[in-house]
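Asker: What follows is a structure written as structure tokens; I'll ask about it next.
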Amino acid sequence: MSKEQLAVLEDMLRNGPLDIAGDLAQQRELFEAMLAAIPLPGDVTTKATELGGVPVVISETPGIDSGKVVFYLHGGAYVLGSATAALGLASDVARRAGARGVVVDYRLAPEHPFPAAVDDTVAVYKALLDDGVPASKIAFVGESAGGGLTIATLVALKQAGLPQPASAVVFSPWADLSLTGQSLTGKADVDPSLTAEGLRLRAGDYLNGADPHSVLASPIYADLTGLPPLHIQVGSHEVLLDDSLRLAARAAAHDVPVELQVWPYMPHIFQAFSALLDEAGEALQASAAFTTRHWADETQP
């Protein structure tokens, strides 16, 4: 690890204008502008379309197997972000996995509260199946709120009797909207980007009075039996560290094959900064290896 690389990233995150507890309209503009400032590689092609009535953006790069799909769910505390803004990280993930990316532009709160996001992701997944893409050729990847949404979607698919995808990768998943993890206070001093206050505010926006223990809002409380192999990555300098630790333990208790990687000193969604941080590229390679390994073992229908 380069201490200089990490110091630059932490300073950028800690002193930047983005604040999930701030004015929502302003933060949405900042979030989109920040991500849009990172240009896509020249060989990435994108197409905006709809699947199941839900907007998505499809990314492709040369040499991929377009029959395989990385089903990507962006972060943003359920109130920020978009499929277009997420393309930098999403297309990188899909490229490394040798697949086309399908980035879901699920509806955001507070305009569209829970369970709108889950309804959208399930609709897109059903559309892919209806289009003839086998479940064994689909791999989920989600970051932050999109990581929690990934697990919630898998639980919803199970409830609906739909086949599970080949695997799922989640980066720093927000899996407990009841906000009971000890790291919310224990890691507050070292997390440069998230606060318990901001997460509590945005959980309220998304839940809109719904029970925070609902398994489709906080899948940390769900029965995870029957879910596909799961790979979890999290940094040790995150207030959401305990969400990953408890999710891994719950998956293991329910007989889900699970890998947990805790990256020392890393901040929230450090994987997005592979141009700056060596560990980010290493983490992305590890997640891609997991995804491709489970495509190679195509035992699911």
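Note on naming: chains are A, B, ... as they come in the structure tokens, residues start from 1 per chain, ligands start from 1 in the order shown.
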Mind checking which residues fall within 7 Å of region 213-218 of chain A, counting only C-alpha atoms, ignoring those fewer than 4 positions away in the same chain, and posting them as a list in words?
Answerer: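 Contacts, with the query itself left out: Ala152, Ala156, Ala175, Asp176, Leu177, Ser178 and Ala222 of chain A.
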Asker: For the residues in the current selection, export C-alpha atoms as a short mmCIF file (atom, residue, chain, number, x, y, z; two decimals), in the first residue's frame.
Answerer:
```cif
data_model
loop_
_atom_site.label_atom_id
_atom_site.label_comp_id
_atom_site.auth_asym_id
_atom_site.auth_seq_id
_atom_site.Cartn_x
_atom_site.Cartn_y
_atom_site.Cartn_z
CA ALA A 152 -32.52 -7.58 -1.13
CA ALA A 156 -37.08 -10.99 -3.54
CA ALA A 175 -27.52 -3.99 4.50
CA ASP A 176 -29.02 -2.68 7.75
CA LEU A 177 -31.21 0.40 7.48
CA SER A 178 -32.07 0.08 11.16
CA ALA A 222 -33.44 -12.09 5.91
#
```
Asker: Name all residues at most 8 Å from Thr150 (chain A) (count only C-alpha atoms; drop same-chain ones fewer than 6 positions away) and give them as a PyMOL selection string.
Answerer: chain A and resi 73+140-142+168+170
Asker: Restricted to N, CA and C atoms, what would the selected residues look like written as a compact mmCIF listing (two decimals), in the first residue's frame?
Answerer:
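Saved the output as result_10.txt:
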```
# COMPACT_ATOMS: atom_id res chain seq x y z
N LEU A 73 -25.71 -2.59 -9.76
CA LEU A 73 -26.55 -1.69 -8.98
C LEU A 73 -25.68 -0.64 -8.29
N PHE A 140 -24.54 -10.65 -10.29
CA PHE A 140 -24.87 -9.38 -9.66
C PHE A 140 -23.61 -8.73 -9.09
N VAL A 141 -23.54 -7.41 -9.22
CA VAL A 141 -22.52 -6.61 -8.53
C VAL A 141 -23.20 -5.34 -8.04
N GLY A 142 -22.97 -5.00 -6.77
CA GLY A 142 -23.57 -3.79 -6.23
C GLY A 142 -22.64 -3.10 -5.25
N ALA A 168 -22.93 -13.29 -6.73
CA ALA A 168 -23.13 -11.88 -6.38
C ALA A 168 -21.88 -11.34 -5.70
N VAL A 170 -20.60 -7.80 -3.66
CA VAL A 170 -21.05 -6.53 -3.08
C VAL A 170 -19.86 -5.81 -2.46
```
Asker: Applying 10 Å and only C-alpha atoms, which residues near Ala99 (chain A) remain after dropping the ones on its own chain fewer than 6 positions away? List them as an MDAnalysis selection string.
Answerer: chainID A and resid 59:71 91 93 137:139 292
Asker: For each of A:Phe290, A:Tyr125, A:Phe171, A:Tyr265, take the minimum atom-to-atom distance to Leu89 (chain A), counting only C-alpha atoms, then give the residue where this is smallest.
Answerer: A:Phe171
Asker: A:Ala166, A:Ala160, A:Leu9, A:Val103: which is nearest Gln271 (chain A), counting only C-alpha atoms?
Answerer: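 Closest to Gln271 (chain A), using only C-alpha atoms: A:Leu9.
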Asker: Which one of A:Gln27, A:Thr225, A:Gln5, A:Ser236 sits closest to Val79 (chain A) if you count only C-alpha atoms?
Answerer: A:Gln27
Asker: Expressed in Å to a single decimal, how great is the separation between CA of His74 (chain A) and CA of Val234 (chain A)?
Answerer: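 These atoms are spaced 15.6 Å apart.
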Asker: What are the DSSP strand (DSSP E) residues of region 82-300 of chain A, as a PyMOL selection string?
Answerer: chain A and resi 99-104+138-143+167-171+230-235+258-263
Asker: Give me the residues within 7 Å of Ser167 (chain A) as a ChimeraX atom specification, counting only C-alpha atoms and dropping any in the same chain fewer than 5 places off.
Answerer: /A:139-140,228-230,291,294
Asker: Hey, can you spit out that residue selection with C-alpha atoms as a PDB file, in the first residue's frame?
Answerer:
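So the final result, stored in part20.pdb, reads:
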```pdb
ATOM      1  CA  ALA A 139     -23.772 -12.114 -12.069  1.00  0.00           C
ATOM      2  CA  PHE A 140     -24.870  -9.376  -9.664  1.00  0.00           C
ATOM      3  CA  PRO A 228     -25.897 -17.822  -4.819  1.00  0.00           C
ATOM      4  CA  PRO A 229     -22.211 -17.670  -3.870  1.00  0.00           C
ATOM      5  CA  LEU A 230     -21.423 -14.289  -2.356  1.00  0.00           C
ATOM      6  CA  THR A 291     -17.395 -13.827 -10.823  1.00  0.00           C
ATOM      7  CA  HIS A 294     -18.688 -19.117 -10.794  1.00  0.00           C
TER       8      HIS A 294
END
```
Asker: I'd like the neighbourhood of Thr185 (chain A) as a list in words, where a residue qualifies if any of its atoms comes within 12 Å (using only C-alpha atoms), though same-chain residues fewer than 6 positions away should be ignored.
Answerer: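 Result of the neighbour search: Leu179, Asp191, Leu194, Thr195, Ala196, Glu197, His237, Glu238, Val239, Leu240, Leu241 and Asp242 of chain A.
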Asker: Any chance you can output those residues with C-alpha atoms as an mmCIF file, in the first residue's frame?
Answerer:
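That gives us again_16.cif:
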```cif
data_model
loop_
_atom_site.group_PDB
_atom_site.id
_atom_site.type_symbol
_atom_site.label_atom_id
_atom_site.label_comp_id
_atom_site.auth_asym_id
_atom_site.auth_seq_id
_atom_site.Cartn_x
_atom_site.Cartn_y
_atom_site.Cartn_z
ATOM 1 C CA LEU A 179 -28.471 1.264 11.716
ATOM 2 C CA ASP A 191 -14.365 7.194 7.870
ATOM 3 C CA LEU A 194 -19.968 8.640 5.535
ATOM 4 C CA THR A 195 -21.619 9.492 8.847
ATOM 5 C CA ALA A 196 -24.292 7.808 10.910
ATOM 6 C CA GLU A 197 -26.275 11.059 10.794
ATOM 7 C CA HIS A 237 -12.088 2.494 7.777
ATOM 8 C CA GLU A 238 -15.844 2.490 7.204
ATOM 9 C CA VAL A 239 -18.811 3.162 9.440
ATOM 10 C CA LEU A 240 -20.539 0.410 7.432
ATOM 11 C CA LEU A 241 -17.883 -2.187 8.264
ATOM 12 C CA ASP A 242 -20.227 -4.123 10.558
#
```
Asker: Pick the closest to Tyr206 (chain A) from A:Tyr72, A:Leu277, A:Pro110, A:Glu29: which is it, counting only C-alpha atoms?
Answerer: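 Ranking A:Tyr72, A:Leu277, A:Pro110, A:Glu29 by distance to Tyr206 (chain A), first place goes to A:Pro110.
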Asker: Write down as a VMD selection string the residues of region 29-229 of chain A whose backbone DSSP state falls under alpha helix (DSSP H).
Answerer: chain A and resid 29 to 36 87 to 97 116 to 130 145 to 159 183 to 186 196 to 207
Asker: Please list as a list in words every residue within 10 Å of Gly88 (chain A), counting only C-alpha atoms and excluding residues in the same chain fewer than 4 positions away.
Answerer: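 Once the nearby chain positions are removed, what remains is Leu35, Ala36, Ala37, Ile38, Pro39, Leu40, Pro41, Val44, Ser59, Ala83, Thr84, Asp92, Val93, Ala272 and Phe273 of chain A.
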Asker: Write out, as a compact mmCIF listing (two decimals), in the first residue's frame, the residues just selected, with C-alpha atoms.
Answerer:
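Contents of the output file again_26.txt:
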```txt
# COMPACT_ATOMS: atom_id res chain seq x y z
CA LEU A 35 -18.59 11.01 -11.49
CA ALA A 36 -19.15 12.54 -14.93
CA ALA A 37 -15.74 14.21 -14.67
CA ILE A 38 -14.12 10.77 -14.96
CA PRO A 39 -14.04 9.94 -18.70
CA LEU A 40 -14.91 6.45 -19.88
CA PRO A 41 -12.17 4.54 -21.71
CA VAL A 44 -16.34 1.38 -23.96
CA SER A 59 -21.91 -1.20 -21.54
CA ALA A 83 -26.84 4.37 -14.17
CA THR A 84 -25.00 6.90 -16.32
CA ASP A 92 -14.63 -1.53 -15.44
CA VAL A 93 -16.21 -4.33 -13.40
CA ALA A 272 -13.93 3.25 -7.60
CA PHE A 273 -10.46 4.82 -7.41
```
Asker: Write out as an NGL selection string which residues come within 12 Å of Arg250 (chain A) when counting only C-alpha atoms, dropping same-chain ones fewer than 3 positions away.
Answerer: :A and (151 or 175 or 219-225 or 227 or 230 or 242-247 or 253-258 or 260)
Asker: Between A:Ile20, A:Pro113, A:Gly101, A:Val54, single out the one closest to Asp205 (chain A), counting only C-alpha atoms.
Answerer: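 Among A:Ile20, A:Pro113, A:Gly101, A:Val54, it is A:Pro113 that comes nearest to Asp205 (chain A).
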Asker: Would you work out the distance separating CA of Gly186 (chain A) from CA of Ala109 (chain A), expressed in Å to one decimal?
Answerer: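 Between these atoms lies a distance of 28.0 Å.
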